[in-house]
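To keep things clear, I will list the structure first and then write my remarks on it.
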Amino acid sequence: MPNFGLVVFPGSNCDHDCYHVIKHMFKQECEFVWHEEKNLDRFDSIILPGGFSYGDYLRTGAIARFSPVMKAVEKLASEGRPIMGICNGFQILVEAGLLPGALIKNSSLRFVCKWVNIRVENTNTPFTHLMRRGDLLRIPIAHGEGNFFANQDDIRKLTENSQVVFKYCDEEGETTSQSNPNGSIENIAGICNSQGNILGMMPHPERCCEETIGGEDGKAIFESLISWLEKSESQALIRTHV
Amino acid sequence: MKEFKVKVEVKLKPVVLDPQGKTILTALHNLGYDEVEETRVGKLIELKVMDSNAERVIERVKEMCKNLLANPIIEDFVIKIE
């Protein structure tokens, strides 16, 4: 069974939501990992949850990226294991240089906490492989610094390599400026690295996995990830038996 | 050993939109200061550094800026030393 590591930084506050979804809903192995840990080799996948690590001082994610655990996260990422950064987790991944670009203050200058629609742009990742391109997810956001910025060169590369995974859109799936909640370039809500195993996204899939709390579109992301890990586990098993 | 006072100005790069600056500009115009054409908001970080060599201080602070104090993707920095 896939074993998830859930990194807890001082100031993380979505860690328990993620734990609940992975452990209690999907019945997977899941363990909280304090940010001072240096070895994550026992995990198949790592989640950097949302929150306000180090009080967002200096820049969001700027201090957390130097936590000892991040070296281990880098190691696992280089081995191809899936890493998912949600909200503040995304901010930490861009500060660490594991994903391109930066997340700056929302264009409205306000903290935006609401439901949005996102469109699936790339299904060739562990996090989206069970979805279809163009699928819409209704999902909550809650951030003050979610405005994705990258220079033109990086945007071109992101587009050419299909690294844009999610875009903000309206209910019809159109990426209009009205449906862009924070001013992100090209309505970008989530991106991955060129290998596809590191995902960063501002919306919170862990907050929409049960109808009782308003929606369950977030399940699709966890289902994809778990199925991908199970597949690679069985392939590894086949390899060791050949 | 000498005490150096170092000021690091961190500003958003010109290509990065500064919604805070824009809001302040609108407020200034509302107050009648129509002569203001642009407002950009940055950060000022003051450091007290003990060292014997001013050049080394600048080199080290440059390194600090690249590693932590500024994000080179979105920000420029200026170092002033006293």
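In the structure tokens, chains take letters A, B, ... by order of appearance, with residues numbered from 1 within each chain and ligands from 1 in the order shown.
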Quick one: which chain B residues come within 12 Å of chain A, and what is the nearest atom pair for each with the distance in Å to one decimal, counting only C-alpha atoms, rows ordered by chain and ascending number, as JSON lines?
{"residue": "B:Val10", "atom": "CA", "partner": "A:Leu58", "partner_atom": "CA", "distance": 10.5}
{"residue": "B:Leu12", "atom": "CA", "partner": "A:Ile104", "partner_atom": "CA", "distance": 10.0}
{"residue": "B:Lys13", "atom": "CA", "partner": "A:Asn151", "partner_atom": "CA", "distance": 10.7}
{"residue": "B:Pro14", "atom": "CA", "partner": "A:Asn151", "partner_atom": "CA", "distance": 11.7}
{"residue": "B:Val15", "atom": "CA", "partner": "A:Asn151", "partner_atom": "CA", "distance": 8.5}
{"residue": "B:Val16", "atom": "CA", "partner": "A:Phe149", "partner_atom": "CA", "distance": 7.8}
{"residue": "B:Leu17", "atom": "CA", "partner": "A:Ser107", "partner_atom": "CA", "distance": 8.3}
{"residue": "B:Asp18", "atom": "CA", "partner": "A:Ser107", "partner_atom": "CA", "distance": 8.1}
{"residue": "B:Pro19", "atom": "CA", "partner": "A:Ser107", "partner_atom": "CA", "distance": 5.6}
{"residue": "B:Gln20", "atom": "CA", "partner": "A:Leu109", "partner_atom": "CA", "distance": 6.8}
{"residue": "B:Gly21", "atom": "CA", "partner": "A:Leu109", "partner_atom": "CA", "distance": 10.5}
{"residue": "B:Lys22", "atom": "CA", "partner": "A:Ser107", "partner_atom": "CA", "distance": 10.0}
{"residue": "B:Thr23", "atom": "CA", "partner": "A:Leu109", "partner_atom": "CA", "distance": 8.8}
{"residue": "B:Ile24", "atom": "CA", "partner": "A:Leu109", "partner_atom": "CA", "distance": 11.5}
{"residue": "B:Gly42", "atom": "CA", "partner": "A:Leu58", "partner_atom": "CA", "distance": 11.5}
{"residue": "B:Lys43", "atom": "CA", "partner": "A:Leu58", "partner_atom": "CA", "distance": 9.1}
{"residue": "B:Leu44", "atom": "CA", "partner": "A:Leu58", "partner_atom": "CA", "distance": 10.8}
{"residue": "B:Ile45", "atom": "CA", "partner": "A:Leu58", "partner_atom": "CA", "distance": 9.7}
{"residue": "B:Cys65", "atom": "CA", "partner": "A:Leu58", "partner_atom": "CA", "distance": 11.6}
{"residue": "B:Lys66", "atom": "CA", "partner": "A:Glu95", "partner_atom": "CA", "distance": 11.6}
{"residue": "B:Asn67", "atom": "CA", "partner": "A:Ala62", "partner_atom": "CA", "distance": 9.5}
{"residue": "B:Leu68", "atom": "CA", "partner": "A:Ala62", "partner_atom": "CA", "distance": 6.9}
{"residue": "B:Leu69", "atom": "CA", "partner": "A:Leu58", "partner_atom": "CA", "distance": 7.3}
{"residue": "B:Ala70", "atom": "CA", "partner": "A:Leu58", "partner_atom": "CA", "distance": 8.6}
{"residue": "B:Asn71", "atom": "CA", "partner": "A:Glu95", "partner_atom": "CA", "distance": 7.7}
{"residue": "B:Pro72", "atom": "CA", "partner": "A:Ala102", "partner_atom": "CA", "distance": 9.7}
{"residue": "B:Ile73", "atom": "CA", "partner": "A:Gly101", "partner_atom": "CA", "distance": 6.7}
{"residue": "B:Ile74", "atom": "CA", "partner": "A:Ala102", "partner_atom": "CA", "distance": 7.0}
{"residue": "B:Glu75", "atom": "CA", "partner": "A:Ala102", "partner_atom": "CA", "distance": 10.3}
Next on the checklist: For the alpha helix (DSSP H) assignment from backbone DSSP, which residues of chain B qualify? Please present them as a list in words.
Outcome noted: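 Here is the list: Pro19, Gln20, Gly21, Lys22, Thr23, Ile24, Leu25, Thr26, Ala27, Leu28, His29, Asn30, Ala54, Glu55, Arg56, Val57, Ile58, Glu59, Arg60, Val61, Lys62, Glu63 and Met64 of chain B.
For Lys2 (chain B), the list of residues within 8 Å, based on only C-alpha atoms and with local chain neighbours fewer than 4 positions off taken out, reads Met50, Asp51 and Ser52 of chain B.
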Checklist entry - CA of Lys114 (chain A) and CA of His143 (chain A), how far apart in Å? => result 9.5 Å
Checklist entry - Neighbours of Gly214 (chain A) within 10 Å (only C-alpha atoms; same-chain residues fewer than 2 positions away dropped), as an MDAnalysis selection string? => result chainID A and resid 115 138:140 207:212 216:217
Could you save those same residues with N, CA, C and O atoms as a PDB file, in the first residue's frame?
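Wrote out-v1.pdb, looks like this:
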ATOM      1  N   TRP A 115     -15.096  29.337  -3.696  1.00  0.00           N
ATOM      2  CA  TRP A 115     -15.077  28.224  -4.633  1.00  0.00           C
ATOM      3  C   TRP A 115     -14.776  28.747  -6.027  1.00  0.00           C
ATOM      4  O   TRP A 115     -15.310  29.782  -6.424  1.00  0.00           O
ATOM      5  N   ARG A 138     -14.714  21.730  -9.432  1.00  0.00           N
ATOM      6  CA  ARG A 138     -15.156  22.830  -8.576  1.00  0.00           C
ATOM      7  C   ARG A 138     -14.436  22.662  -7.254  1.00  0.00           C
ATOM      8  O   ARG A 138     -14.553  21.610  -6.606  1.00  0.00           O
ATOM      9  N   ILE A 139     -13.678  23.665  -6.864  1.00  0.00           N
ATOM     10  CA  ILE A 139     -12.692  23.471  -5.796  1.00  0.00           C
ATOM     11  C   ILE A 139     -12.449  24.788  -5.049  1.00  0.00           C
ATOM     12  O   ILE A 139     -12.517  25.850  -5.661  1.00  0.00           O
ATOM     13  N   PRO A 140     -12.220  24.739  -3.724  1.00  0.00           N
ATOM     14  CA  PRO A 140     -12.013  26.012  -3.011  1.00  0.00           C
ATOM     15  C   PRO A 140     -10.585  26.542  -3.089  1.00  0.00           C
ATOM     16  O   PRO A 140      -9.646  25.760  -3.169  1.00  0.00           O
ATOM     17  N   ARG A 207      -9.970  19.938   0.587  1.00  0.00           N
ATOM     18  CA  ARG A 207     -11.150  20.572   1.193  1.00  0.00           C
ATOM     19  C   ARG A 207     -12.434  20.253   0.437  1.00  0.00           C
ATOM     20  O   ARG A 207     -13.475  20.816   0.740  1.00  0.00           O
ATOM     21  N   CYS A 208     -12.329  19.421  -0.579  1.00  0.00           N
ATOM     22  CA  CYS A 208     -13.555  19.096  -1.315  1.00  0.00           C
ATOM     23  C   CYS A 208     -13.560  17.623  -1.710  1.00  0.00           C
ATOM     24  O   CYS A 208     -13.554  17.289  -2.894  1.00  0.00           O
ATOM     25  N   CYS A 209     -13.529  16.777  -0.703  1.00  0.00           N
ATOM     26  CA  CYS A 209     -13.567  15.333  -0.966  1.00  0.00           C
ATOM     27  C   CYS A 209     -14.831  14.700  -0.384  1.00  0.00           C
ATOM     28  O   CYS A 209     -14.975  13.483  -0.391  1.00  0.00           O
ATOM     29  N   GLU A 210     -15.718  15.503   0.192  1.00  0.00           N
ATOM     30  CA  GLU A 210     -16.946  14.961   0.779  1.00  0.00           C
ATOM     31  C   GLU A 210     -18.108  15.890   0.470  1.00  0.00           C
ATOM     32  O   GLU A 210     -18.001  17.104   0.668  1.00  0.00           O
ATOM     33  N   GLU A 211     -19.200  15.325   0.009  1.00  0.00           N
ATOM     34  CA  GLU A 211     -20.379  16.112  -0.323  1.00  0.00           C
ATOM     35  C   GLU A 211     -20.859  16.925   0.883  1.00  0.00           C
ATOM     36  O   GLU A 211     -21.330  18.048   0.731  1.00  0.00           O
ATOM     37  N   THR A 212     -20.706  16.358   2.096  1.00  0.00           N
ATOM     38  CA  THR A 212     -21.194  17.050   3.296  1.00  0.00           C
ATOM     39  C   THR A 212     -20.518  18.400   3.525  1.00  0.00           C
ATOM     40  O   THR A 212     -21.069  19.255   4.215  1.00  0.00           O
ATOM     41  N   GLU A 216     -17.043  17.236  -3.850  1.00  0.00           N
ATOM     42  CA  GLU A 216     -16.071  16.147  -3.770  1.00  0.00           C
ATOM     43  C   GLU A 216     -15.223  16.027  -5.037  1.00  0.00           C
ATOM     44  O   GLU A 216     -14.676  14.965  -5.326  1.00  0.00           O
ATOM     45  N   ASP A 217     -15.067  17.134  -5.755  1.00  0.00           N
ATOM     46  CA  ASP A 217     -14.256  17.074  -6.975  1.00  0.00           C
ATOM     47  C   ASP A 217     -12.770  16.842  -6.676  1.00  0.00           C
ATOM     48  O   ASP A 217     -12.030  16.386  -7.546  1.00  0.00           O
TER      49      ASP A 217
END
Next on the checklist: Run DSSP on the backbone and tell me which residues of chain B come out as strand (DSSP E); list them as a list in words.
Outcome noted: Lys2, Glu3, Phe4, Lys5, Val6, Lys7, Val8, Glu9, Val10, Lys11, Leu12, Gly42, Lys43, Leu44, Ile45, Glu46, Leu47, Lys48, Val49, Met50, Asp51, Glu75, Asp76, Phe77, Val78, Ile79, Lys80 and Ile81 of chain B
